[in-house]
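To be precise, the following lines are work-v4.txt, and they hold compact mmCIF, C-alpha atoms.
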```txt
# COMPACT_ATOMS: atom_id res chain seq x y z
CA MET A 1 7.15 -40.37 -31.43
CA SER A 2 10.90 -40.34 -32.01
CA THR A 3 12.77 -37.86 -29.83
CA LYS A 4 16.17 -38.43 -31.39
CA ASN A 5 15.98 -35.21 -33.36
CA PRO A 6 12.56 -33.64 -32.82
CA ASN A 7 11.81 -30.85 -35.27
CA GLN A 8 8.15 -30.14 -34.62
CA MET A 9 6.95 -27.72 -31.96
CA LYS A 10 4.76 -30.27 -30.15
CA ASP A 11 7.62 -32.80 -30.08
CA ILE A 12 10.10 -30.25 -28.75
CA ILE A 13 7.68 -29.16 -26.02
CA SER A 14 7.16 -32.83 -25.14
CA VAL A 15 10.93 -33.38 -24.84
CA MET A 16 11.31 -30.29 -22.63
CA ASN A 17 8.42 -31.41 -20.42
CA ASP A 18 9.96 -34.88 -20.08
CA LYS A 19 13.27 -33.27 -19.14
CA SER A 20 11.50 -31.10 -16.57
CA LYS A 21 9.84 -34.14 -14.97
CA SER A 22 13.07 -36.13 -14.85
CA GLU A 23 14.89 -33.27 -13.10
CA GLY A 24 11.97 -32.04 -11.02
CA PHE A 25 12.54 -28.63 -12.55
CA ASP A 26 10.19 -26.63 -14.79
CA VAL A 27 12.49 -25.63 -17.66
CA ILE A 28 9.99 -23.63 -19.69
CA LYS A 29 8.73 -21.78 -16.62
CA GLU A 30 12.25 -20.70 -15.68
CA TYR A 31 13.09 -19.51 -19.18
CA ARG A 32 9.80 -17.67 -19.34
CA LYS A 33 10.84 -15.81 -16.18
CA THR A 34 14.24 -14.98 -17.69
CA PHE A 35 13.10 -13.87 -21.14
CA SER A 36 9.94 -12.00 -20.19
CA ASN A 37 11.80 -9.31 -18.25
CA ASN A 38 13.26 -6.21 -19.85
CA PRO A 39 17.00 -7.01 -20.25
CA ASP A 40 17.83 -3.36 -19.62
CA GLY A 41 15.72 -3.06 -16.50
CA SER A 42 12.98 -0.47 -16.16
CA ASP A 43 12.96 3.22 -15.36
CA LYS A 44 10.16 3.88 -12.88
CA LYS A 45 8.36 6.99 -11.74
CA GLY A 46 10.04 8.40 -8.67
CA ASP A 47 13.42 6.78 -9.33
CA LEU A 48 16.41 8.64 -7.90
CA ILE A 49 18.51 10.09 -10.73
CA VAL A 50 21.79 11.92 -10.19
CA PRO A 51 24.14 13.73 -12.60
CA SER A 52 27.19 11.46 -12.39
CA PRO A 53 28.59 8.06 -11.31
CA LYS A 54 30.63 9.78 -8.61
CA GLU A 55 27.48 11.11 -6.96
CA ALA A 56 25.67 7.80 -7.45
CA LEU A 57 28.15 5.59 -5.58
CA PRO A 58 27.58 6.84 -1.99
CA LEU A 59 23.81 6.85 -2.56
CA LEU A 60 23.82 3.27 -3.82
CA LYS A 61 25.91 2.17 -0.84
CA GLU A 62 23.48 3.97 1.47
CA LEU A 63 20.55 2.07 -0.07
CA VAL A 64 22.39 -1.19 0.49
CA GLU A 65 23.07 -0.41 4.15
CA GLN A 66 19.50 0.76 4.76
CA THR A 67 18.03 -2.36 3.20
CA LYS A 68 20.43 -4.58 5.10
CA SER A 69 19.66 -2.96 8.46
CA ASN A 70 15.90 -3.12 7.83
CA ALA A 71 15.95 -6.83 7.02
CA LYS A 72 14.38 -8.79 9.86
CA LYS A 73 15.77 -12.18 8.91
CA GLU A 74 19.46 -13.02 8.91
CA SER A 75 19.03 -14.85 5.61
CA LYS A 76 17.81 -11.59 4.06
CA ARG A 77 20.76 -9.65 5.48
CA ASN A 78 23.43 -12.13 4.45
CA LYS A 79 23.12 -11.48 0.73
CA TRP A 80 24.20 -7.87 1.29
CA ASN A 81 27.54 -9.04 2.66
CA PHE A 82 28.49 -10.15 -0.86
CA GLU A 83 30.52 -13.01 0.55
CA LYS A 84 30.07 -15.00 -2.67
CA SER A 85 31.36 -12.15 -4.86
CA PRO A 86 34.75 -12.90 -6.48
CA HIS A 87 35.79 -9.23 -6.67
CA LYS A 88 38.98 -9.86 -4.69
CA GLN A 89 40.03 -12.52 -7.21
CA PHE A 90 39.98 -9.77 -9.84
CA ASP A 91 41.85 -7.31 -7.58
CA LYS A 92 38.64 -5.31 -7.27
CA THR A 93 36.72 -3.85 -4.35
CA LEU A 94 33.02 -3.82 -3.55
CA ASP A 95 33.02 -0.21 -4.73
CA ASP A 96 34.19 -1.49 -8.12
CA THR A 97 31.32 -3.96 -8.09
CA PHE A 98 28.82 -1.23 -7.23
CA MET A 99 30.27 0.96 -9.97
CA ALA A 100 29.56 -1.75 -12.57
CA PHE A 101 25.87 -1.53 -11.66
CA ILE A 102 26.00 2.25 -11.71
CA MET A 103 27.47 2.25 -15.20
CA TRP A 104 24.76 -0.18 -16.31
CA ALA A 105 22.08 2.18 -14.98
CA ARG A 106 23.11 5.20 -17.05
CA VAL A 107 20.10 7.15 -18.28
CA LYS A 108 19.30 6.88 -21.98
CA LYS A 109 19.74 10.08 -23.93
CA VAL A 110 19.11 8.94 -27.50
CA TYR A 111 16.86 6.24 -28.86
CA ASN A 112 15.75 6.10 -32.48
CA LYS A 113 12.85 3.64 -32.53
CA LYS A 114 12.92 3.48 -36.33
CA ASP A 115 16.53 2.36 -36.36
CA LYS A 116 16.74 -1.42 -36.81
CA ASP A 117 20.14 -1.46 -35.16
CA ILE A 118 19.31 -2.11 -31.52
CA SER A 119 22.65 -0.57 -30.52
CA ALA A 120 20.91 2.79 -30.91
CA ASP A 121 19.12 1.80 -27.72
CA LEU A 122 22.41 1.98 -25.86
CA THR A 123 23.40 5.60 -26.48
CA VAL A 124 23.67 7.00 -22.99
CA GLY A 125 24.95 9.95 -21.01
CA ASN A 126 26.44 10.29 -17.54
CA GLU A 127 23.23 10.61 -15.51
CA ILE A 128 22.60 7.60 -13.29
CA ASN A 129 19.34 6.03 -12.20
CA VAL A 130 20.42 4.95 -8.71
CA SER A 131 17.14 3.17 -7.99
CA LYS A 132 17.50 1.08 -11.12
CA ALA A 133 21.10 0.22 -10.23
CA PHE A 134 19.94 -0.90 -6.80
CA ARG A 135 17.21 -3.15 -8.22
CA ARG A 136 19.73 -4.90 -10.46
CA LEU A 137 22.24 -5.12 -7.62
CA GLU A 138 19.61 -6.78 -5.44
CA SER A 139 18.96 -9.39 -8.16
CA TYR A 140 22.71 -10.00 -8.27
CA ALA A 141 22.97 -10.32 -4.51
CA GLU A 142 20.11 -12.82 -4.42
CA TRP A 143 21.48 -14.89 -7.31
CA MET A 144 24.99 -15.04 -5.86
CA GLU A 145 23.69 -15.98 -2.42
CA SER A 146 21.62 -18.80 -3.97
CA THR A 147 24.78 -20.57 -5.16
CA GLY A 148 25.63 -21.72 -1.63
CA SER A 149 29.26 -22.78 -1.38
CA ASP A 150 29.72 -23.49 -5.11
CA LEU A 151 31.59 -20.23 -5.78
CA ILE A 152 33.66 -20.02 -2.61
CA GLU A 153 34.83 -23.60 -1.99
CA PRO A 154 37.40 -23.31 -3.43
CA PRO A 155 37.72 -19.55 -4.05
CA LEU A 156 36.86 -18.47 -7.61
CA THR A 157 40.43 -17.88 -8.78
CA PRO A 158 41.47 -17.89 -12.47
CA MET A 159 43.36 -21.16 -12.12
CA SER A 160 40.44 -22.84 -10.38
CA VAL A 161 38.28 -22.31 -13.49
CA LYS A 162 40.90 -22.68 -16.24
CA ASN A 163 39.94 -26.24 -17.14
CA GLY A 164 36.31 -25.22 -17.41
CA LEU A 165 37.11 -22.16 -19.53
CA ASP A 166 39.25 -24.27 -21.85
CA ALA A 167 36.64 -27.02 -22.15
CA TRP A 168 33.88 -24.53 -22.98
CA ASN A 169 36.21 -22.64 -25.35
CA MET A 170 35.25 -19.17 -24.16
CA THR A 171 36.90 -16.58 -26.41
CA THR A 172 37.02 -12.78 -26.23
CA SER A 173 37.55 -9.96 -28.70
CA PHE A 174 36.37 -6.38 -29.15
CA HIS A 175 34.41 -4.75 -31.93
CA ASN A 176 35.88 -1.66 -33.55
CA ASP A 177 33.41 0.48 -31.58
CA GLY A 178 34.68 -1.00 -28.30
CA THR A 179 31.86 -3.50 -27.74
CA PHE A 180 32.94 -6.64 -25.87
CA ILE A 181 32.29 -9.83 -27.90
CA TRP A 182 31.84 -13.25 -26.28
CA TRP A 183 32.47 -16.04 -28.81
CA SER A 184 31.33 -19.66 -28.33
CA ASP A 185 31.96 -22.35 -30.94
CA ILE A 186 30.18 -25.64 -30.24
CA SER A 187 32.51 -27.52 -32.61
CA LYS A 188 35.48 -26.46 -30.44
CA ILE A 189 33.92 -27.49 -27.12
CA ASP A 190 35.50 -30.51 -25.41
CA VAL A 191 32.26 -32.43 -24.99
CA GLU A 192 33.81 -35.57 -23.52
CA TYR A 193 35.79 -33.62 -20.92
CA ILE A 194 32.71 -31.65 -19.89
CA LYS A 195 30.62 -34.80 -19.49
CA LYS A 196 33.24 -36.98 -17.80
CA GLU A 197 35.61 -34.64 -15.95
CA LEU A 198 33.67 -31.47 -15.12
CA THR A 199 30.85 -31.40 -12.62
CA PRO A 200 27.89 -29.09 -13.33
CA GLU A 201 29.25 -26.91 -10.53
CA ASP A 202 32.62 -26.69 -12.31
CA SER A 203 30.90 -25.40 -15.44
CA LEU A 204 28.84 -22.97 -13.39
CA ARG A 205 32.00 -21.63 -11.76
CA ALA A 206 33.66 -21.13 -15.15
CA PHE A 207 30.69 -19.21 -16.54
CA VAL A 208 30.35 -17.07 -13.41
CA TRP A 209 34.06 -16.23 -13.40
CA TYR A 210 33.97 -15.26 -17.08
CA SER A 211 30.81 -13.21 -16.50
CA HIS A 212 32.62 -11.25 -13.80
CA TYR A 213 35.53 -10.71 -16.16
CA ILE A 214 33.01 -9.08 -18.49
CA MET A 215 31.36 -7.18 -15.64
CA TYR A 216 34.63 -5.56 -14.53
CA ASN A 217 35.84 -4.84 -18.07
CA GLU A 218 35.78 -1.09 -18.75
CA LYS A 219 34.95 -1.50 -22.45
CA ALA A 220 32.03 -3.79 -21.63
CA GLN A 221 30.77 -1.28 -19.07
CA GLN A 222 31.07 1.60 -21.51
CA HIS A 223 29.99 0.00 -24.79
CA GLY A 224 28.06 -3.14 -23.87
CA ILE A 225 28.44 -6.72 -25.05
CA MET A 226 27.47 -8.97 -27.95
CA SER A 227 27.56 -12.77 -27.87
CA VAL A 228 28.11 -15.01 -30.87
CA LEU A 229 27.36 -18.74 -30.90
CA SER A 230 28.34 -21.11 -33.68
CA ALA A 231 25.90 -23.96 -32.90
CA ASP A 232 27.36 -26.55 -35.30
CA ASN A 233 23.80 -27.79 -36.00
CA MET A 234 23.77 -29.58 -32.66
CA GLY A 235 20.62 -31.60 -32.05
CA LEU A 236 18.25 -30.97 -29.17
CA MET A 237 18.87 -34.27 -27.42
CA GLU A 238 22.63 -33.79 -27.50
CA SER A 239 22.33 -30.26 -26.16
CA LEU A 240 20.39 -31.57 -23.17
CA THR A 241 23.19 -33.92 -22.12
CA PHE A 242 25.84 -31.31 -21.27
CA MET A 243 24.53 -30.58 -17.79
CA PRO A 244 21.26 -30.42 -15.84
CA MET A 245 18.80 -27.89 -17.25
CA SER A 246 18.48 -26.40 -13.79
CA VAL A 247 22.14 -25.34 -14.01
CA THR A 248 21.90 -24.20 -17.64
CA SER A 249 18.86 -22.02 -16.96
CA LYS A 250 20.55 -20.64 -13.84
CA MET A 251 23.53 -19.53 -15.92
CA ASP A 252 21.27 -17.99 -18.56
CA ARG A 253 19.37 -16.15 -15.86
CA PHE A 254 22.65 -14.72 -14.57
CA THR A 255 24.02 -13.58 -17.94
CA ILE A 256 20.71 -12.22 -19.28
CA GLY A 257 18.84 -10.97 -16.24
CA VAL A 258 21.40 -10.30 -13.52
CA LEU A 259 24.76 -9.32 -15.00
CA PRO A 260 25.10 -5.49 -15.11
CA VAL A 261 26.22 -5.25 -18.72
CA LYS A 262 24.15 -4.03 -21.66
CA MET A 263 23.54 -6.95 -24.03
CA LYS A 264 23.30 -5.43 -27.52
CA ASN A 265 22.81 -8.51 -29.67
CA MET A 266 23.04 -12.29 -29.48
CA TYR A 267 23.96 -13.96 -32.77
CA CYS A 268 23.68 -17.66 -33.62
CA THR A 269 24.95 -19.37 -36.77
CA ASP A 270 24.54 -22.96 -37.95
CA CYS A 271 21.45 -23.39 -35.80
CA ALA A 272 19.46 -26.60 -36.12
CA ARG A 273 15.76 -26.38 -36.89
CA TRP A 274 14.80 -27.01 -33.26
CA VAL A 275 16.57 -23.79 -32.18
CA LYS A 276 14.39 -21.72 -34.49
CA ILE A 277 11.27 -23.48 -33.21
CA MET A 278 12.39 -22.96 -29.62
CA MET A 279 12.76 -19.25 -30.31
CA LYS A 280 9.16 -19.21 -31.51
CA ILE A 281 8.08 -20.88 -28.28
CA PHE A 282 10.04 -18.47 -26.10
CA GLY A 283 8.99 -15.60 -28.37
CA MET A 284 5.43 -15.93 -27.07
CA PHE A 285 6.52 -14.47 -23.74
CA MET A 286 9.79 -12.76 -24.70
CA SER A 287 10.06 -8.99 -24.35
CA LYS A 288 10.18 -7.00 -27.60
CA LYS A 289 13.70 -5.84 -26.88
CA MET A 290 14.90 -9.39 -26.33
CA LYS A 291 13.30 -10.55 -29.58
CA LYS A 292 15.11 -7.84 -31.52
CA ARG A 293 18.45 -8.74 -30.00
CA ILE A 294 18.42 -12.46 -30.75
CA LYS A 295 19.54 -12.91 -34.35
CA LEU A 296 19.64 -16.34 -36.03
CA LEU A 297 21.86 -15.98 -39.09
CA ASP A 298 21.16 -18.08 -42.19
CA ASP A 299 24.72 -17.78 -43.45
CA ARG A 300 27.77 -17.79 -41.18
CA LYS A 301 29.53 -15.50 -43.65
CA GLU A 302 27.25 -12.72 -42.42
CA LEU A 303 29.53 -12.53 -39.39
CA VAL A 304 32.26 -11.08 -41.62
CA ASP A 305 29.92 -8.31 -42.75
CA ILE A 306 28.83 -7.60 -39.18
CA PHE A 307 32.18 -7.74 -37.39
CA GLY A 308 35.01 -7.88 -39.92
CA LYS A 309 37.61 -10.65 -40.23
CA GLU A 310 40.02 -8.86 -37.93
CA VAL A 311 37.59 -9.18 -35.00
CA ILE A 312 36.49 -12.81 -35.53
CA PRO A 313 38.70 -15.39 -33.74
CA LYS A 314 40.75 -17.49 -36.13
CA GLY A 315 39.03 -20.82 -36.76
CA PHE A 316 35.69 -19.73 -35.33
CA GLY A 317 32.75 -21.47 -36.99
CA ASN A 318 34.61 -22.09 -40.24
CA VAL A 319 34.61 -18.35 -40.89
CA GLU A 320 37.73 -16.63 -42.19
CA GLY A 321 38.56 -14.82 -38.98
CA SER A 322 42.05 -13.54 -38.23
CA PHE A 323 41.90 -12.46 -34.58
CA THR A 324 44.44 -14.47 -32.56
CA VAL A 325 45.24 -12.66 -29.28
CA ASP A 326 42.53 -13.29 -26.69
CA PRO A 327 42.77 -10.42 -24.13
CA MET A 328 41.28 -12.55 -21.35
CA LYS A 329 43.83 -15.33 -21.83
CA GLU A 330 46.63 -12.80 -22.19
CA GLU A 331 45.73 -11.13 -18.90
CA PHE A 332 45.18 -14.20 -16.75
CA PHE A 333 46.84 -17.22 -18.39
CA SER A 334 49.80 -16.00 -20.47
CA SER A 335 52.53 -16.92 -17.99
```
Can you turn what I pasted into structure tokens?
Amino acid sequence: MSTKNPNQMKDIISVMNDKSKSEGFDVIKEYRKTFSNNPDGSDKKGDLIVPSPKEALPLLKELVEQTKSNAKKESKRNKWNFEKSPHKQFDKTLDDTFMAFIMWARVKKVYNKKDKDISADLTVGNEINVSKAFRRLESYAEWMESTGSDLIEPPLTPMSVKNGLDAWNMTTSFHNDGTFIWWSDISKIDVEYIKKELTPEDSLRAFVWYSHYIMYNEKAQQHGIMSVLSADNMGLMESLTFMPMSVTSKMDRFTIGVLPVKMKNMYCTDCARWVKIMMKIFGMFMSKKMKKRIKLLDDRKELVDIFGKEVIPKGFGNVEGSFTVDPMKEEFFSS
């Protein structure tokens, strides 16, 4: 069997299994864990719901302190110190961090199940499910604590991740309705720099920093986020050489299952055949909501119909975009 460009399901599974064995890491198992969960979290019977974010904040902080004081092991208590959180690097406080989770846990008021536009799922009011916010916050605390010293040595400052952000070509714009859009163009990624100059930890730091930029962004908190990937028909084998799958899956787990921002849709253009097959594999254990939100576009020009030229970054995916002023770069790297 040739694994240069596998395009059959059995061959792709074989390649992923071989990759898992070589790294000592079960790739498919980890992605199954990430994709099988409800990306919006779950509302449970008995959850504490309050009328407003202002009332939710002290209650969430109280839950944190209670859980921390009840933890018998120091390792269980440490995560609640949020020592790995980069909030100070964004001129934020822990209260700002908690508020991001509170905004994420707003109670749904409107949901039209017949509407194919999944954004209908995100119409919310001001009531807050504090219990749900706490569950997500705990996932965040555990994930951040699991990174060891990667995010704090050196501190996660903008300049410490600039080379990684540039190499991965992370670009930001906003939809007309206020939705935050995260653009990634594989053809613009500096592959050689990533492979030769960046460590996997450097890439992880860049993605975590950018994720926190999203997390603290008021528009993202209020209106949610969409991600757009122009895959440039990259082959499976090439995609596996960027960094260890253990790091890649860790980043995906953070952005999909931990970050307190509503993910409306994830678009992909110029996807190779293996991507579509991989989605079928993951689709076997993917939640219904996640399936609806992942959209593989047959024609990149569809992006113009979805977003409008004025929102698409200039040069992105060979689409006629005209957006040129990246708000993230303007805020942190314009001087």
Residues within 8 Å of segment 74-90 of chain A, all atoms listed in the file, excluding chain neighbours under 6 positions, as a PyMOL selection string = chain A and resi 64+68+97+141-142+144-145+149+151-152+155-158+209+212-213
Proximity of segment 181-268 of chain A to segment 287-303 of chain A: per-residue shortest pair, 8 Å limit, only C-alpha atoms, as CSV:
```
residue,atom,partner,partner_atom,distance
A:Lys264,CA,A:Arg293,CA,6.4
A:Asn265,CA,A:Arg293,CA,4.4
A:Met266,CA,A:Ile294,CA,4.8
A:Tyr267,CA,A:Lys295,CA,4.8
A:Cys268,CA,A:Leu296,CA,4.9
```
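With distances taken over all atoms listed in the file, A:Lys188 is the one residue among A:Lys280, A:Lys219, A:Lys188, A:Lys262 lying closest to Lys314 of chain A.
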Given all atoms listed in the file as the counted atoms, nearest of A:Met237, A:Val325, A:Leu48, A:Leu165 to Pro313 of chain A = A:Val325
What does the distance from atom CA of Asn17 of chain A to atom CA of Met245 of chain A come to in Å, to one decimal?
-> 11.4 Å
Tell me which protein, DNA and RNA residues are within 12 Å of Pro6 of chain A, counting all atoms listed in the file, leaving out same-chain ones fewer than 4 positions away, and put them as a count of residues only.
-> 20
Let me have the centre and edge lengths of the axis-aligned box enclosing all listed atoms of segment 101-110 of chain A with 5 Å padding on every side, in Å to one decimal, as JSON.
```
{"center_x": 23.3, "center_y": 4.3, "center_z": -19.6, "size_x": 18.4, "size_y": 21.6, "size_z": 25.8}
```
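For the residues A:Asp232, A:Asp26, A:Asp270, A:Glu201, ranking by smallest atom-to-atom distance to Thr147 of chain A using only C-alpha atoms places A:Glu201 first.
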Mind pulling up the distance from atom CA of Ala220 of chain A to atom CA of Gly41 of chain A?
-> 17.1 Å
Minimum-distance residue to Pro244 of chain A, chosen among A:Ser42, A:Gln221, A:Asn126, A:Ser203 (using only C-alpha atoms) =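 Nearest candidate to Pro244 of chain A out of A:Ser42, A:Gln221, A:Asn126, A:Ser203: A:Ser203.
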How many Å lie between atom CA of Tyr193 of chain A and atom CA of Thr248 of chain A, rounded to one decimal?
-> 17.1 Å
Near-Lys44 of chain A list (10 Å; all atoms listed in the file; drop same-chain fewer than 6 positions) as a PyMOL selection string = chain A and resi 129+131-132
Exercise: segment 249-257 of chain A partners within 7 Å, only C-alpha atoms, chain neighbours under 3 positions left out, as a list in words = Glu30, Tyr31, Thr34, Pro39, Leu204, Ser211, Met245 and Ser246 of chain A
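Each of A:Phe332, A:Trp168, A:Phe35, A:Phe174 was compared to Met284 of chain A using all atoms listed in the file, and A:Phe35 turns out to be the nearest.
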Could segment 130-151 of chain A be completed with N, CA and C atoms and returned as a PDB file, keeping the file's coordinate frame?
```
ATOM      1  N   VAL A 130      19.927   5.693  -9.871  1.00  0.00           N
ATOM      2  CA  VAL A 130      20.420   4.950  -8.710  1.00  0.00           C
ATOM      3  C   VAL A 130      19.438   3.870  -8.289  1.00  0.00           C
ATOM      4  N   SER A 131      18.166   4.155  -8.374  1.00  0.00           N
ATOM      5  CA  SER A 131      17.140   3.170  -7.990  1.00  0.00           C
ATOM      6  C   SER A 131      17.199   1.945  -8.887  1.00  0.00           C
ATOM      7  N   LYS A 132      17.396   2.175 -10.157  1.00  0.00           N
ATOM      8  CA  LYS A 132      17.500   1.080 -11.120  1.00  0.00           C
ATOM      9  C   LYS A 132      18.758   0.248 -10.863  1.00  0.00           C
ATOM     10  N   ALA A 133      19.860   0.926 -10.557  1.00  0.00           N
ATOM     11  CA  ALA A 133      21.100   0.220 -10.230  1.00  0.00           C
ATOM     12  C   ALA A 133      20.912  -0.651  -9.005  1.00  0.00           C
ATOM     13  N   PHE A 134      20.184  -0.131  -8.019  1.00  0.00           N
ATOM     14  CA  PHE A 134      19.940  -0.900  -6.800  1.00  0.00           C
ATOM     15  C   PHE A 134      19.089  -2.135  -7.074  1.00  0.00           C
ATOM     16  N   ARG A 135      18.062  -1.999  -7.914  1.00  0.00           N
ATOM     17  CA  ARG A 135      17.210  -3.150  -8.220  1.00  0.00           C
ATOM     18  C   ARG A 135      18.009  -4.271  -8.878  1.00  0.00           C
ATOM     19  N   ARG A 136      18.894  -3.886  -9.794  1.00  0.00           N
ATOM     20  CA  ARG A 136      19.730  -4.900 -10.460  1.00  0.00           C
ATOM     21  C   ARG A 136      20.722  -5.497  -9.477  1.00  0.00           C
ATOM     22  N   LEU A 137      21.292  -4.660  -8.619  1.00  0.00           N
ATOM     23  CA  LEU A 137      22.240  -5.120  -7.620  1.00  0.00           C
ATOM     24  C   LEU A 137      21.571  -6.115  -6.665  1.00  0.00           C
ATOM     25  N   GLU A 138      20.325  -5.861  -6.319  1.00  0.00           N
ATOM     26  CA  GLU A 138      19.610  -6.780  -5.440  1.00  0.00           C
ATOM     27  C   GLU A 138      19.407  -8.141  -6.114  1.00  0.00           C
ATOM     28  N   SER A 139      19.088  -8.133  -7.413  1.00  0.00           N
ATOM     29  CA  SER A 139      18.960  -9.390  -8.160  1.00  0.00           C
ATOM     30  C   SER A 139      20.284 -10.148  -8.159  1.00  0.00           C
ATOM     31  N   TYR A 140      21.372  -9.402  -8.304  1.00  0.00           N
ATOM     32  CA  TYR A 140      22.710 -10.000  -8.270  1.00  0.00           C
ATOM     33  C   TYR A 140      22.997 -10.605  -6.906  1.00  0.00           C
ATOM     34  N   ALA A 141      22.714  -9.847  -5.864  1.00  0.00           N
ATOM     35  CA  ALA A 141      22.970 -10.320  -4.510  1.00  0.00           C
ATOM     36  C   ALA A 141      22.193 -11.602  -4.210  1.00  0.00           C
ATOM     37  N   GLU A 142      20.945 -11.642  -4.635  1.00  0.00           N
ATOM     38  CA  GLU A 142      20.110 -12.820  -4.420  1.00  0.00           C
ATOM     39  C   GLU A 142      20.619 -14.017  -5.204  1.00  0.00           C
ATOM     40  N   TRP A 143      21.006 -13.788  -6.469  1.00  0.00           N
ATOM     41  CA  TRP A 143      21.480 -14.890  -7.310  1.00  0.00           C
ATOM     42  C   TRP A 143      22.781 -15.452  -6.744  1.00  0.00           C
ATOM     43  N   MET A 144      23.711 -14.584  -6.380  1.00  0.00           N
ATOM     44  CA  MET A 144      24.990 -15.040  -5.860  1.00  0.00           C
ATOM     45  C   MET A 144      24.807 -15.805  -4.548  1.00  0.00           C
ATOM     46  N   GLU A 145      23.927 -15.309  -3.702  1.00  0.00           N
ATOM     47  CA  GLU A 145      23.690 -15.980  -2.420  1.00  0.00           C
ATOM     48  C   GLU A 145      23.072 -17.368  -2.633  1.00  0.00           C
ATOM     49  N   SER A 146      22.299 -17.522  -3.713  1.00  0.00           N
ATOM     50  CA  SER A 146      21.620 -18.800  -3.970  1.00  0.00           C
ATOM     51  C   SER A 146      22.576 -19.909  -4.387  1.00  0.00           C
ATOM     52  N   THR A 147      23.834 -19.560  -4.702  1.00  0.00           N
ATOM     53  CA  THR A 147      24.780 -20.570  -5.160  1.00  0.00           C
ATOM     54  C   THR A 147      25.403 -21.358  -4.014  1.00  0.00           C
ATOM     55  N   GLY A 148      25.084 -20.992  -2.774  1.00  0.00           N
ATOM     56  CA  GLY A 148      25.630 -21.720  -1.630  1.00  0.00           C
ATOM     57  C   GLY A 148      27.131 -21.619  -1.569  1.00  0.00           C
ATOM     58  N   SER A 149      27.792 -22.774  -1.480  1.00  0.00           N
ATOM     59  CA  SER A 149      29.260 -22.780  -1.380  1.00  0.00           C
ATOM     60  C   SER A 149      29.941 -23.024  -2.724  1.00  0.00           C
ATOM     61  N   ASP A 150      29.161 -23.128  -3.796  1.00  0.00           N
ATOM     62  CA  ASP A 150      29.720 -23.490  -5.110  1.00  0.00           C
ATOM     63  C   ASP A 150      30.804 -22.531  -5.583  1.00  0.00           C
ATOM     64  N   LEU A 151      30.658 -21.243  -5.258  1.00  0.00           N
ATOM     65  CA  LEU A 151      31.590 -20.230  -5.780  1.00  0.00           C
ATOM     66  C   LEU A 151      32.715 -19.878  -4.816  1.00  0.00           C
TER      67      LEU A 151
END
```
